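Shown below: final-v7.txt, with compact mmCIF, C-alpha atoms.
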# COMPACT_ATOMS: atom_id res chain seq x y z
CA MET A 106 -37.75 20.75 -36.73
CA ALA A 107 -40.72 18.41 -36.60
CA ARG A 108 -43.27 19.11 -33.94
CA VAL A 109 -43.13 17.02 -30.80
CA LYS A 110 -45.61 14.13 -30.85
CA GLY A 111 -44.33 12.36 -27.77
CA LEU A 112 -41.30 11.99 -25.56
CA ARG A 113 -38.70 9.62 -26.97
CA ARG A 114 -35.65 7.89 -25.56
CA GLY A 115 -33.60 5.70 -27.82
CA GLY A 116 -36.16 6.16 -30.62
CA ALA A 117 -39.08 4.70 -28.66
CA VAL A 118 -42.19 6.69 -27.86
CA ARG A 119 -42.72 7.11 -24.15
CA GLU A 120 -45.63 4.92 -23.04
CA GLU A 121 -48.57 6.27 -21.11
CA ALA A 122 -48.70 5.50 -17.40
CA PRO A 123 -50.94 2.47 -16.65
CA GLU A 124 -53.16 4.49 -14.34
CA HIS A 125 -53.75 6.92 -17.19
CA SER A 126 -54.60 4.26 -19.77
CA MET A 127 -57.13 2.66 -17.41
CA ASP A 128 -58.85 5.96 -16.68
CA PRO A 129 -62.17 6.13 -18.64
CA ARG A 130 -61.53 9.84 -19.12
CA ALA A 131 -58.09 9.25 -20.67
CA SER A 132 -59.44 9.38 -24.19
CA GLU A 133 -60.85 12.84 -23.57
CA GLU A 134 -58.03 15.35 -23.93
CA PRO A 135 -58.39 18.12 -21.35
CA PRO A 136 -58.86 21.66 -22.62
CA TYR A 137 -55.63 23.45 -23.41
CA ARG A 138 -55.26 25.78 -20.45
CA PRO A 139 -51.57 26.14 -19.61
CA THR A 140 -50.65 27.27 -16.11
CA VAL A 141 -49.32 30.56 -17.42
CA ILE A 142 -48.22 33.03 -14.77
CA ASN A 143 -46.98 35.64 -17.22
CA ASN A 144 -47.27 35.97 -20.97
CA THR A 145 -45.86 39.24 -22.23
CA ILE A 146 -44.54 40.51 -25.53
CA TYR A 147 -41.73 43.07 -25.37
CA GLN A 148 -40.63 45.39 -28.16
CA ASP A 149 -37.56 47.61 -27.84
CA GLY A 150 -37.31 46.85 -24.09
CA LYS A 151 -40.94 47.71 -23.30
CA ALA A 152 -44.03 45.58 -22.74
CA VAL A 153 -46.39 46.01 -25.69
CA ASP A 154 -48.87 43.16 -25.34
CA ASN A 155 -50.20 40.48 -22.97
CA PRO A 156 -51.65 37.76 -25.21
CA GLY A 157 -54.49 35.75 -23.77
CA SER A 158 -52.97 32.42 -24.81
CA LEU A 159 -49.69 30.94 -25.91
CA ALA A 160 -51.07 30.50 -29.41
CA ASP A 161 -51.78 34.23 -29.53
CA ALA A 162 -48.25 34.94 -28.30
CA PHE A 163 -46.85 32.75 -31.05
CA GLU A 164 -48.84 34.61 -33.69
CA ARG A 165 -47.85 37.99 -32.29
CA LEU A 166 -44.21 37.05 -32.51
CA LYS A 167 -44.67 36.29 -36.20
CA GLN A 168 -46.25 39.68 -36.75
CA MET A 169 -43.64 41.65 -34.77
CA PRO A 170 -40.06 41.18 -36.01
CA GLY A 171 -37.53 41.84 -33.25
CA ALA A 172 -40.07 41.30 -30.47
CA LEU A 173 -39.45 39.13 -27.42
CA ALA A 174 -41.96 36.81 -25.75
CA TRP A 175 -41.32 36.11 -22.08
CA ILE A 176 -43.60 33.35 -20.83
CA GLY A 177 -43.64 31.94 -17.31
CA LEU A 178 -45.32 28.68 -16.27
CA TYR A 179 -45.80 27.33 -12.77
CA ARG A 180 -46.26 23.59 -12.19
CA PRO A 181 -47.65 22.85 -15.64
CA LYS A 182 -49.10 19.48 -16.56
CA GLU A 183 -47.20 17.20 -18.92
CA TRP A 184 -49.70 17.62 -21.73
CA GLU A 185 -49.44 21.39 -21.35
CA LEU A 186 -45.70 21.30 -21.89
CA VAL A 187 -46.10 19.02 -24.91
CA LYS A 188 -48.52 21.52 -26.45
CA LEU A 189 -46.08 24.33 -25.74
CA ALA A 190 -43.24 22.37 -27.33
CA GLU A 191 -45.30 22.03 -30.50
CA GLU A 192 -45.76 25.79 -30.70
CA PHE A 193 -42.13 26.74 -30.04
CA GLU A 194 -40.49 23.62 -31.50
CA LEU A 195 -38.67 22.66 -28.35
CA HIS A 196 -36.40 19.64 -28.45
CA GLU A 197 -37.95 16.49 -27.02
CA LEU A 198 -34.97 15.74 -24.75
CA ALA A 199 -35.10 19.17 -23.15
CA LEU A 200 -38.87 18.82 -22.83
CA GLU A 201 -38.48 15.48 -21.09
CA ASP A 202 -36.04 17.02 -18.59
CA ALA A 203 -38.52 19.81 -17.88
CA ILE A 204 -41.32 17.30 -17.28
CA VAL A 205 -39.35 14.86 -15.15
CA GLY A 206 -37.55 17.51 -13.10
CA SER A 207 -34.92 16.77 -10.44
CA GLN A 208 -32.15 17.78 -12.82
CA ARG A 209 -28.70 19.02 -11.97
CA PRO A 210 -27.79 22.58 -13.01
CA LYS A 211 -26.77 22.46 -16.63
CA ALA A 212 -26.99 24.18 -20.02
CA ASP A 213 -27.70 22.28 -23.26
CA ARG A 214 -28.08 23.82 -26.68
CA TYR A 215 -30.51 22.32 -29.20
CA GLY A 216 -30.21 24.22 -32.48
CA ASP A 217 -31.25 27.82 -31.85
CA THR A 218 -32.70 27.04 -28.42
CA LEU A 219 -30.70 26.99 -25.20
CA PHE A 220 -32.05 24.87 -22.35
CA VAL A 221 -30.83 25.83 -18.86
CA VAL A 222 -31.59 24.21 -15.51
CA LEU A 223 -30.99 26.19 -12.32
CA ARG A 224 -31.61 25.30 -8.69
CA ALA A 225 -32.66 28.13 -6.43
CA ALA A 226 -32.33 27.75 -2.67
CA ARG A 227 -33.93 29.11 0.50
CA TYR A 228 -32.73 28.44 4.03
CA LEU A 229 -35.33 27.41 6.60
CA ASP A 230 -33.69 28.33 9.87
CA ASP A 231 -36.33 26.82 12.17
CA VAL A 232 -35.71 23.30 10.83
CA GLU A 233 -32.15 23.90 9.58
CA GLU A 234 -32.94 22.76 6.06
CA VAL A 235 -32.22 24.13 2.60
CA ALA A 236 -35.35 24.20 0.43
CA PHE A 237 -34.58 23.94 -3.28
CA GLY A 238 -36.62 25.14 -6.21
CA GLU A 239 -35.85 24.04 -9.74
CA VAL A 240 -36.40 26.30 -12.74
CA HIS A 241 -36.09 25.23 -16.38
CA ILE A 242 -35.40 27.97 -18.91
CA PHE A 243 -35.83 27.71 -22.69
CA VAL A 244 -34.06 30.57 -24.44
CA GLY A 245 -34.82 30.96 -28.14
CA PRO A 246 -34.06 33.64 -30.71
CA ASN A 247 -37.17 35.61 -29.76
CA PHE A 248 -38.60 33.99 -26.66
CA VAL A 249 -37.81 33.01 -23.09
CA LEU A 250 -39.89 30.26 -21.51
CA THR A 251 -39.52 29.50 -17.79
CA VAL A 252 -40.98 26.41 -16.10
CA ARG A 253 -41.08 26.29 -12.30
CA HIS A 254 -42.18 23.44 -10.05
CA ALA A 255 -41.62 25.33 -6.76
CA GLU A 256 -42.05 28.81 -5.31
CA ALA A 257 -38.39 29.69 -5.64
CA PRO A 258 -37.01 31.54 -7.44
CA ASP A 259 -39.31 34.56 -7.49
CA LEU A 260 -39.28 35.32 -11.20
CA GLN A 261 -41.90 38.04 -10.77
CA ALA A 262 -39.24 40.13 -9.05
CA VAL A 263 -36.87 39.44 -11.94
CA ARG A 264 -39.50 40.54 -14.45
CA LYS A 265 -40.12 43.80 -12.55
CA ARG A 266 -36.40 44.48 -12.45
CA MET A 267 -36.04 43.96 -16.20
CA GLU A 268 -39.11 46.04 -17.04
CA SER A 269 -37.65 48.88 -14.98
CA ASP A 270 -34.45 48.72 -17.06
CA PRO A 271 -35.47 48.88 -20.75
CA ASP A 272 -31.85 49.23 -21.86
CA LEU A 273 -31.04 45.84 -20.36
CA LEU A 274 -34.25 44.20 -21.56
CA ARG A 275 -33.60 45.57 -25.04
CA GLN A 276 -30.62 43.22 -25.29
CA GLY A 277 -33.00 40.30 -25.76
CA PRO A 278 -33.40 36.75 -24.43
CA GLN A 279 -29.80 36.48 -23.23
CA ALA A 280 -30.34 39.48 -20.95
CA VAL A 281 -33.39 37.76 -19.42
CA LEU A 282 -31.33 34.62 -18.84
CA TYR A 283 -28.66 36.72 -17.13
CA ALA A 284 -31.27 38.36 -14.86
CA ILE A 285 -32.64 34.96 -13.80
CA LEU A 286 -29.12 33.67 -13.17
CA ASP A 287 -28.32 36.75 -11.12
CA ALA A 288 -31.48 36.36 -9.03
CA VAL A 289 -30.81 32.69 -8.33
CA VAL A 290 -27.21 33.37 -7.31
CA ASP A 291 -28.20 36.34 -5.13
CA GLY A 292 -30.64 34.04 -3.38
CA TYR A 293 -27.73 31.89 -2.25
CA ALA A 294 -26.38 34.62 0.07
CA PRO A 295 -29.02 34.15 2.83
CA VAL A 296 -28.46 30.38 2.62
CA VAL A 297 -24.72 30.84 3.12
CA ALA A 298 -25.39 33.15 6.07
CA GLY A 299 -27.81 30.66 7.62
CA LEU A 300 -25.39 27.77 7.26
CA GLN A 301 -22.57 29.87 8.73
CA LYS A 302 -24.70 30.75 11.74
CA ASP A 303 -25.61 27.12 12.37
CA ILE A 304 -22.00 26.00 12.07
CA GLU A 305 -20.99 28.59 14.68
CA GLU A 306 -23.74 27.31 16.98
CA ILE A 307 -22.54 23.74 16.44
CA GLU A 308 -18.97 24.71 17.34
CA ALA A 309 -20.25 26.19 20.61
CA GLN A 310 -22.18 22.98 21.27
CA VAL A 311 -19.14 20.81 20.58
CA PHE A 312 -16.92 22.65 23.05
CA GLY A 313 -19.82 22.84 25.48
CA GLY A 314 -20.00 19.07 25.57
CA ASP A 315 -23.54 18.75 24.18
CA PRO A 316 -24.09 15.03 23.46
CA SER A 317 -26.74 15.72 20.78
CA VAL A 318 -24.38 17.70 18.55
CA SER A 319 -23.27 14.72 16.44
CA ARG A 320 -26.74 14.24 15.00
CA ARG A 321 -27.01 17.94 14.22
CA VAL A 322 -23.64 17.92 12.45
CA TYR A 323 -24.66 14.89 10.39
CA GLU A 324 -27.97 16.42 9.31
CA LEU A 325 -26.43 19.80 8.48
CA SER A 326 -23.70 18.07 6.47
CA GLY A 327 -26.41 16.57 4.27
CA GLU A 328 -27.87 20.02 3.62
CA VAL A 329 -24.43 21.42 2.77
CA ILE A 330 -23.72 18.57 0.35
CA GLU A 331 -27.04 19.12 -1.41
CA PHE A 332 -26.38 22.87 -1.59
CA GLN A 333 -22.94 22.17 -3.02
CA ARG A 334 -24.52 20.07 -5.77
CA ALA A 335 -26.71 23.04 -6.67
CA THR A 336 -23.95 25.65 -6.73
CA THR A 337 -20.75 23.97 -7.93
CA PRO A 338 -21.96 23.18 -11.50
CA LEU A 339 -22.85 26.85 -11.99
CA VAL A 340 -19.17 27.80 -12.06
CA ARG A 341 -18.55 25.76 -15.21
CA LEU A 342 -21.96 26.69 -16.65
CA ILE A 343 -21.34 30.45 -16.48
CA ASP A 344 -17.74 30.02 -17.65
CA GLY A 345 -19.20 28.31 -20.71
CA PHE A 346 -21.49 31.26 -21.36
CA ILE A 347 -18.55 33.66 -21.11
CA ALA A 348 -16.36 31.51 -23.34
CA GLY A 349 -19.08 31.43 -26.02
CA ALA A 350 -19.76 35.17 -25.87
CA GLU A 351 -18.31 35.89 -29.30
CA LYS A 352 -19.90 32.87 -30.96
CA TYR A 353 -23.39 33.74 -29.70
CA ASP A 354 -23.04 37.50 -30.11
CA LEU A 355 -22.98 38.46 -26.43
CA ASN A 356 -22.24 42.16 -26.11
CA GLU A 357 -19.60 43.52 -23.77
CA GLU A 358 -22.05 45.02 -21.27
CA LEU A 359 -23.89 41.74 -20.78
CA LEU A 360 -20.58 39.92 -20.64
CA SER A 361 -19.43 42.15 -17.77
CA TYR A 362 -22.65 41.34 -15.92
CA LEU A 363 -22.05 37.64 -16.41
CA ARG A 364 -18.51 37.97 -15.07
CA ASP A 365 -19.94 39.60 -11.96
CA VAL A 366 -22.35 36.70 -11.49
CA ALA A 367 -19.45 34.29 -12.05
CA ASP A 368 -17.49 35.98 -9.25
CA HIS A 369 -20.44 35.60 -6.90
CA VAL A 370 -20.89 31.95 -7.83
CA ILE A 371 -17.21 31.20 -7.23
CA THR A 372 -17.42 32.88 -3.82
CA VAL A 373 -20.50 30.86 -2.89
CA ALA A 374 -18.95 27.61 -4.14
CA GLU A 375 -15.78 28.25 -2.12
CA ARG A 376 -17.79 29.07 1.02
CA VAL A 377 -19.89 25.92 0.65
CA ALA A 378 -16.76 23.81 0.16
CA SER A 379 -15.30 25.36 3.30
CA PHE A 380 -18.52 24.61 5.20
CA ARG A 381 -18.25 20.97 4.24
CA GLN A 382 -14.64 20.85 5.41
CA GLN A 383 -15.55 22.67 8.63
CA LEU A 384 -18.25 20.14 9.42
CA GLN A 385 -15.85 17.28 8.78
CA ASP A 386 -13.31 18.92 11.10
CA ILE A 387 -16.03 19.48 13.71
CA LEU A 388 -16.90 15.78 13.60
CA VAL A 389 -13.24 14.91 14.14
CA VAL A 390 -12.91 17.38 17.02
CA ASN A 391 -16.16 16.17 18.57
CA SER A 392 -14.99 12.57 18.27
CA THR A 393 -11.71 13.50 19.93
CA LEU A 394 -13.46 15.36 22.76
CA VAL A 395 -15.86 12.47 23.28
CA THR A 396 -12.94 10.04 23.42
CA GLN A 397 -11.12 12.27 25.89
CA ALA A 398 -14.23 12.53 28.04
CA GLN A 399 -14.64 8.76 27.94
CA ASN A 400 -11.00 8.25 28.88
CA ALA A 401 -11.33 10.73 31.74
CA GLU A 402 -14.44 8.97 32.96
CA MET A 403 -12.72 5.60 32.75
CA ALA A 404 -9.72 7.00 34.68
CA ARG A 405 -12.06 8.39 37.31
CA MET A 406 -13.89 5.09 37.59
CA THR A 407 -10.57 3.25 37.82
CA GLU A 408 -9.43 5.60 40.58
CA VAL A 409 -12.69 5.04 42.44
CA SER A 410 -12.31 1.30 41.99
CA ILE A 411 -8.76 1.44 43.36
CA ARG A 412 -9.92 3.44 46.36
CA GLN A 413 -12.72 0.99 46.94
CA GLY A 414 -10.20 -1.87 46.76
CA GLU A 415 -8.06 -0.19 49.37
CA GLU A 416 -11.04 0.20 51.66
CA VAL A 417 -12.00 -3.43 51.12
CA LYS A 418 -8.49 -4.53 52.08
CA LYS A 419 -8.62 -2.49 55.28
CA ILE A 420 -12.03 -3.83 56.20
CA SER A 421 -10.93 -7.38 55.41
CA SER A 422 -7.75 -6.99 57.49
CA TRP A 423 -9.59 -5.74 60.55
CA ALA A 424 -12.23 -8.40 60.10
CA ALA A 425 -9.54 -11.08 60.09
CA ILE A 426 -7.85 -9.57 63.15
CA LEU A 427 -11.14 -9.40 65.06
CA PHE A 428 -12.14 -12.86 63.89
CA ALA A 429 -9.02 -14.53 65.44
CA PRO A 430 -10.02 -13.94 69.14
CA THR A 431 -13.50 -15.14 68.26
CA VAL A 432 -12.05 -18.45 67.09
CA VAL A 433 -10.02 -18.95 70.26
CA GLY A 434 -12.91 -17.89 72.46
CA GLY A 435 -15.24 -20.16 70.55
CA ILE A 436 -13.00 -23.20 71.07
CA TYR A 437 -12.52 -22.67 74.79
CA GLY A 438 -16.15 -21.80 75.24
CA MET A 439 -17.28 -25.29 74.27
CA ASN A 440 -18.72 -27.33 77.17
CA PHE A 441 -16.75 -30.58 77.06
CA ASP A 442 -15.58 -32.36 80.21
CA ASN A 443 -12.52 -33.92 78.63
CA MET A 444 -10.89 -30.71 77.38
CA PRO A 445 -7.34 -30.70 78.84
CA GLU A 446 -7.23 -26.96 79.49
CA THR A 447 -10.66 -26.72 81.10
CA HIS A 448 -9.42 -27.05 84.70
CA TRP A 449 -5.91 -25.61 84.06
CA ALA A 450 -5.00 -22.78 86.42
CA PHE A 451 -3.27 -20.80 83.64
CA GLY A 452 -5.95 -21.51 81.05
CA TYR A 453 -7.52 -18.05 81.13
CA PRO A 454 -4.28 -16.04 80.86
CA PHE A 455 -3.05 -18.41 78.15
CA ALA A 456 -6.23 -17.88 76.10
CA ILE A 457 -5.90 -14.09 76.45
CA LEU A 458 -2.24 -14.16 75.44
CA LEU A 459 -3.00 -16.47 72.51
CA MET A 460 -5.71 -14.12 71.18
CA ALA A 461 -3.41 -11.12 71.59
CA ALA A 462 -0.53 -12.91 69.84
CA VAL A 463 -2.72 -13.91 66.88
CA CYS A 464 -4.12 -10.39 66.55
CA ILE A 465 -0.66 -8.79 66.74
CA THR A 466 0.74 -11.27 64.20
CA LEU A 467 -2.07 -10.58 61.73
CA TYR A 468 -1.72 -6.84 62.23
CA VAL A 469 2.00 -6.97 61.46
CA ILE A 470 1.44 -9.10 58.36
CA PHE A 471 -1.30 -6.83 56.98
CA LYS A 472 0.71 -3.72 57.81
CA ARG A 473 3.73 -4.96 55.89
CA ARG A 474 1.55 -5.68 52.89
CA ASP A 475 0.03 -2.17 53.05
CA TRP A 476 -3.42 -3.47 53.77
CA LEU A 477 -3.59 -1.26 56.84
Can the structure from this file be put into structure tokens for me?
Amino acid sequence: MARVKGLRRGGAVREEAPEHSMDPRASEEPPYRPTVINNTIYQDGKAVDNPGSLADAFERLKQMPGALAWIGLYRPKEWELVKLAEEFELHELALEDAIVGSQRPKADRYGDTLFVVLRAARYLDDVEEVAFGEVHIFVGPNFVLTVRHAEAPDLQAVRKRMESDPDLLRQGPQAVLYAILDAVVDGYAPVVAGLQKDIEEIEAQVFGGDPSVSRRVYELSGEVIEFQRATTPLVRLIDGFIAGAEKYDLNEELLSYLRDVADHVITVAERVASFRQQLQDILVVNSTLVTQAQNAEMARMTEVSIRQGEEVKKISSWAAILFAPTVVGGIYGMNFDNMPETHWAFGYPFAILLMAAVCITLYVIFKRRDWL
């Protein structure tokens, strides 16, 4: 394979970024100092050398048939990865994915090199968010190269585990890939537990009538969806490893380990799918409870309005009854000399009887109409 001279897509060399081409220092290539966290050569399951540079590691591999180089990089620069690709003859498409990042979990094989992308996850309970860390793994015949752009996963713990188990490490690069897979999948368990706890809290909020729960459900649903995107592809990815066990000379012991990881991944994927369904159901239930509460409030307001209407009718009825004598009294209280009833002997009793008759008539009318 020809050494990588630049990243290509569709046969065209990837252009430099404008800000880089305008930099007066762009023509000066920085010294080759990869961000190497670990650089160890293993022979027969034991660490035998820690080369000072990747070039030294490459030379040592040539001198030690059957040895394994396990190299870990953390947030390397683009030019550092290009240099590394030249040493280990990595495919340019896989290299481009490692540089760009933000890849879905996948496994691509380029000749003798397997390129795997995994997404580790950590649950941040205080903000109810899932923090993801992407790791790119190049697995060759005699080397494993890991590229991380985030703190997770903790590959140092994986390395310690493998170094404490020479029999497993003796099985070569595929055993290292299994150990990384296992660590990433094991890291999903606290995330599942955190999501489960938050969903239980949300359910209590829903039935407690908390009005802010809808926003929390919406935000947590986004985290669950993103977590599902990180876990679901692993089921097919590991199934592919198991299916190709014979073709790529995967021994039975390592195959049994992979099956165990596959079981864990399936369990996680099923739990995450159930979380998503639970949150959808919670939204439906919350919407129903909100609608019921609104209907109850509207019924209460309607009942209050009806009661207020009844009171208004009573007040209006009595006002009309009391207003009638006022009208009669007002007419006969006017000071006009030519009023026929002014000097009538029965004028006063007649006025009293008239006011009483009007009041009684209005009372009867309002009573029949249930206004009183």
Proximity of region 233-318 of chain A to region 346-355 of chain A: per-residue shortest pair, 12 Å limit, only C-alpha atoms, as CSV:
residue,atom,partner,partner_atom,distance
A:Gly245,CA,A:Tyr353,CA,11.9
A:Pro246,CA,A:Tyr353,CA,10.7
A:Gln276,CA,A:Leu355,CA,9.1
A:Gly277,CA,A:Leu355,CA,10.2
A:Pro278,CA,A:Leu355,CA,10.7
A:Gln279,CA,A:Leu355,CA,7.8
A:Ala280,CA,A:Leu355,CA,9.2
A:Leu282,CA,A:Phe346,CA,10.7
A:Tyr283,CA,A:Phe346,CA,10.0
A:Leu286,CA,A:Phe346,CA,11.4
With only C-alpha atoms as the counted atoms, please give the residues lying no more than 10 Å from Ala429 (chain A), apart from itself and same-chain residues fewer than 6 positions off, as a ChimeraX atom specification. /A:435,459-464,467
Within 10 Å of Ala378 (chain A), counting only C-alpha atoms, which residues qualify if same-chain residues fewer than 2 places away don't, as a ChimeraX atom specification? /A:329-330,332-333,337,372-376,380-383
With a cut-off of 12 Å, could you pull out the residues of region 357-435 of chain A touching region 306-316 of chain A and give me the nearest pair of atoms for each, distance in Å to one decimal, using all atoms listed in the file, ordered by chain and ascending number, as a tab-separated table?
residue	atom	partner	partner_atom	distance
A:Phe380	CA	A:Ile307	CA	12.0
A:Gln383	CA	A:Glu308	CA	9.6
A:Leu384	CA	A:Ile307	CA	9.0
A:Gln385	CA	A:Glu308	CA	11.8
A:Asp386	CA	A:Glu308	CA	10.2
A:Ile387	CA	A:Glu308	CA	7.0
A:Leu388	CA	A:Val311	CA	8.9
A:Val389	CA	A:Val311	CA	10.5
A:Val390	CA	A:Val311	CA	8.0
A:Asn391	CA	A:Val311	CA	5.9
A:Ser392	CA	A:Val311	CA	9.5
A:Thr393	CA	A:Val311	CA	10.4
A:Leu394	CA	A:Gly314	CA	8.0
A:Val395	CA	A:Gly314	CA	8.1
A:Thr396	CA	A:Gly314	CA	11.7
A:Gln397	CA	A:Gly314	CA	11.2
A:Ala398	CA	A:Gly314	CA	9.1
A:Gln399	CA	A:Gly314	CA	11.9
Selected residues written out, C-alpha atoms, as an mmCIF file, keeping the file's coordinate frame:
data_model
loop_
_atom_site.group_PDB
_atom_site.id
_atom_site.type_symbol
_atom_site.label_atom_id
_atom_site.label_comp_id
_atom_site.auth_asym_id
_atom_site.auth_seq_id
_atom_site.Cartn_x
_atom_site.Cartn_y
_atom_site.Cartn_z
ATOM 1 C CA PHE A 380 -18.520 24.610 5.200
ATOM 2 C CA GLN A 383 -15.550 22.670 8.630
ATOM 3 C CA LEU A 384 -18.250 20.140 9.420
ATOM 4 C CA GLN A 385 -15.850 17.280 8.780
ATOM 5 C CA ASP A 386 -13.310 18.920 11.100
ATOM 6 C CA ILE A 387 -16.030 19.480 13.710
ATOM 7 C CA LEU A 388 -16.900 15.780 13.600
ATOM 8 C CA VAL A 389 -13.240 14.910 14.140
ATOM 9 C CA VAL A 390 -12.910 17.380 17.020
ATOM 10 C CA ASN A 391 -16.160 16.170 18.570
ATOM 11 C CA SER A 392 -14.990 12.570 18.270
ATOM 12 C CA THR A 393 -11.710 13.500 19.930
ATOM 13 C CA LEU A 394 -13.460 15.360 22.760
ATOM 14 C CA VAL A 395 -15.860 12.470 23.280
ATOM 15 C CA THR A 396 -12.940 10.040 23.420
ATOM 16 C CA GLN A 397 -11.120 12.270 25.890
ATOM 17 C CA ALA A 398 -14.230 12.530 28.040
ATOM 18 C CA GLN A 399 -14.640 8.760 27.940
#
Given only C-alpha atoms as the basis, pick out the residue of A:Lys418, A:Arg227, A:Arg474, A:Lys182 nearest to Ala294 (chain A). A:Arg227
Val153 (chain A): which residues within 10 Å, counting only C-alpha atoms, same-chain residues fewer than 5 positions away excluded, as number ranges by chain? A: 145-148, 172-173
One decimal, Å: what's the distance from CA of Asp202 (chain A) over to CA of Asn143 (chain A), could you say?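 Interatomic distance, CA of Asp202 (chain A) to CA of Asn143 (chain A): 21.6 Å.
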Please list, as a tab-separated table (two decimals) with C-alpha atoms, in the frame of the given file, the residues that have an atom at most 10 Å away from (-21.7, 38.1, -5.9) in the coordinates of this file, counting only C-alpha atoms.
chain	number	residue	atom	x	y	z
A	287	ASP	CA	-28.32	36.75	-11.12
A	290	VAL	CA	-27.21	33.37	-7.31
A	291	ASP	CA	-28.20	36.34	-5.13
A	293	TYR	CA	-27.73	31.89	-2.25
A	294	ALA	CA	-26.38	34.62	0.07
A	364	ARG	CA	-18.51	37.97	-15.07
A	365	ASP	CA	-19.94	39.60	-11.96
A	366	VAL	CA	-22.35	36.70	-11.49
A	367	ALA	CA	-19.45	34.29	-12.05
A	368	ASP	CA	-17.49	35.98	-9.25
A	369	HIS	CA	-20.44	35.60	-6.90
A	370	VAL	CA	-20.89	31.95	-7.83
A	371	ILE	CA	-17.21	31.20	-7.23
A	372	THR	CA	-17.42	32.88	-3.82
A	373	VAL	CA	-20.50	30.86	-2.89
Could you tell me how far CA of Pro156 (chain A) lies from CA of Asn144 (chain A), in Å and to one decimal? 6.4 Å
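One distance worth recording is that between CA of Ile176 (chain A) and CA of Lys188 (chain A), which is 14.0 Å.
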Which polymer residues have any atom within 10 Å of an atom of Leu229 (chain A), counting only C-alpha atoms, with same-chain residues fewer than 5 positions away left out, as an MDAnalysis selection string? chainID A and resid 234:236 295:296 299:300
How would the residues just picked look written out with C-alpha atoms as a PDB file, in the coordinates of the input?
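Result file is again.pdb:
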ATOM      1  CA  GLU A 234     -32.940  22.760   6.060  1.00  0.00           C
ATOM      2  CA  VAL A 235     -32.220  24.130   2.600  1.00  0.00           C
ATOM      3  CA  ALA A 236     -35.350  24.200   0.430  1.00  0.00           C
ATOM      4  CA  PRO A 295     -29.020  34.150   2.830  1.00  0.00           C
ATOM      5  CA  VAL A 296     -28.460  30.380   2.620  1.00  0.00           C
ATOM      6  CA  GLY A 299     -27.810  30.660   7.620  1.00  0.00           C
ATOM      7  CA  LEU A 300     -25.390  27.770   7.260  1.00  0.00           C
TER       8      LEU A 300
END
